[in-house]
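Contents: one structure, followed by commentary.
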Amino acid sequence: MEEVGVNIKHHTSDPVEKYLEQEWDYVITVCGGAKETCPAFSGRVKYHLHMGFEDPSDTIGTDNYIWSEFRRIRDEIHIKFKAWSDGFS
């Protein structure tokens, strides 16, 4: 992410239970199988969206190929979310 100017060094993964009491406009899942395999978010949410992407951690090959897959998925996520958020303009 640093390659594209985004610093996520201090980001953490939090348990979903931390957010169940809050109200959300959107919950968006991005993992390819999340819609089928992840538990449903049961908090107060107006809209549930699923934008599935391949999991680059499943990639097999050379280090260069594996990194290229992580970059490809990162860029696909950026493009899809940008298109989605542009719909609010």
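Following the order of the structure tokens, chains are lettered A, B, ..., residues in each are numbered from 1, and ligands are numbered from 1.
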
Problem - Near-A:His78 list (12 Å; only C-alpha atoms; drop same-chain fewer than 3 positions) as a ChimeraX atom specification - result: /A:1,4,6,30,51,53,71-75,81-86

Handout entry: stretch 7-17 of chain A surroundings by only C-alpha atoms, 9 Å radius, close-in-sequence under 5 positions cut, as a VMD selection string
Key = chain A and resid 1 to 2 41 43

Can I get the selected residues back with N, CA and C atoms, as a PDB file, in the first residue's frame?
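Below is the file selection25.pdb, written as the result:
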```pdb
ATOM      1  N   MET A   1       0.823  -1.191   0.000  1.00  0.00           N
ATOM      2  CA  MET A   1       0.000   0.000   0.000  1.00  0.00           C
ATOM      3  C   MET A   1       0.864   1.250   0.000  1.00  0.00           C
ATOM      4  N   GLU A   2       2.022   1.146   0.632  1.00  0.00           N
ATOM      5  CA  GLU A   2       2.928   2.286   0.648  1.00  0.00           C
ATOM      6  C   GLU A   2       3.325   2.701  -0.761  1.00  0.00           C
ATOM      7  N   PHE A  41     -22.956 -10.024   9.312  1.00  0.00           N
ATOM      8  CA  PHE A  41     -22.830  -8.929  10.276  1.00  0.00           C
ATOM      9  C   PHE A  41     -24.228  -8.620  10.762  1.00  0.00           C
ATOM     10  N   GLY A  43     -25.196  -6.394  13.033  1.00  0.00           N
ATOM     11  CA  GLY A  43     -25.407  -5.064  13.589  1.00  0.00           C
ATOM     12  C   GLY A  43     -26.467  -4.296  12.811  1.00  0.00           C
TER      13      GLY A  43
END
```

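Taking only C-alpha atoms, the non-local environment of A:Ile28 within 9 Å (same-chain residues fewer than 5 positions away omitted) comprises Tyr47, His48, Leu49, His50 and Met51 of chain A.
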
Handout entry: d(atom CA of A:Asp58, atom CA of A:Gly32) in Å
Key = 11.4 Å

Handout entry: All strand (DSSP E or B) residues (DSSP, backbone) inside stretch 9-84 of chain A, as a list in words
Key =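 Reading the DSSP output for stretch 9-84 of chain A, strand (DSSP E or B) covers Glu23, Trp24, Asp25, Tyr26, Val27, Ile28, Thr29, Val30, Cys31, Arg44, Val45, Lys46, Tyr47, His48, Leu49, His50, Met51, Gly52 and Phe53 of chain A.
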
Just write the chosen residues, C-alpha atoms, as a CSV table (one decimal), in the first residue's frame.
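File produced: selection_20.csv:
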```
chain,number,residue,atom,x,y,z
A,23,GLU,CA,-25.2,1.9,13.4
A,24,TRP,CA,-23.8,1.7,9.9
A,25,ASP,CA,-24.9,2.9,6.5
A,26,TYR,CA,-22.9,0.2,4.7
A,27,VAL,CA,-21.1,-3.0,5.5
A,28,ILE,CA,-19.1,-4.2,2.5
A,29,THR,CA,-17.4,-7.6,2.2
A,30,VAL,CA,-14.6,-7.9,-0.3
A,31,CYS,CA,-13.2,-11.5,0.0
A,44,ARG,CA,-27.7,-2.2,12.5
A,45,VAL,CA,-26.8,-1.8,8.9
A,46,LYS,CA,-28.8,0.0,6.1
A,47,TYR,CA,-27.1,-1.7,3.2
A,48,HIS,CA,-25.0,-4.9,2.9
A,49,LEU,CA,-22.9,-5.0,-0.2
A,50,HIS,CA,-20.6,-7.7,-1.5
A,51,MET,CA,-17.7,-6.9,-3.8
A,52,GLY,CA,-15.8,-10.2,-4.2
A,53,PHE,CA,-12.2,-10.3,-5.1
```

Exercise for the section: Mind checking which residues fall within 9 Å of A:Thr59, counting only C-alpha atoms, ignoring those fewer than 4 positions away in the same chain, and posting them as number ranges by chain? Expected result: A: 55, 65-66, 69-70

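Take atom CA of A:Ser89 and atom CA of A:Gly5: the distance between them is 23.8 Å.
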
Practice task
Go ahead and compute the interatomic distance for atom CA of A:Lys80 and atom CA of A:Pro56, in Å to one decimal.
Solution key: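 Going from atom CA of A:Lys80 over to atom CA of A:Pro56 covers 16.6 Å.
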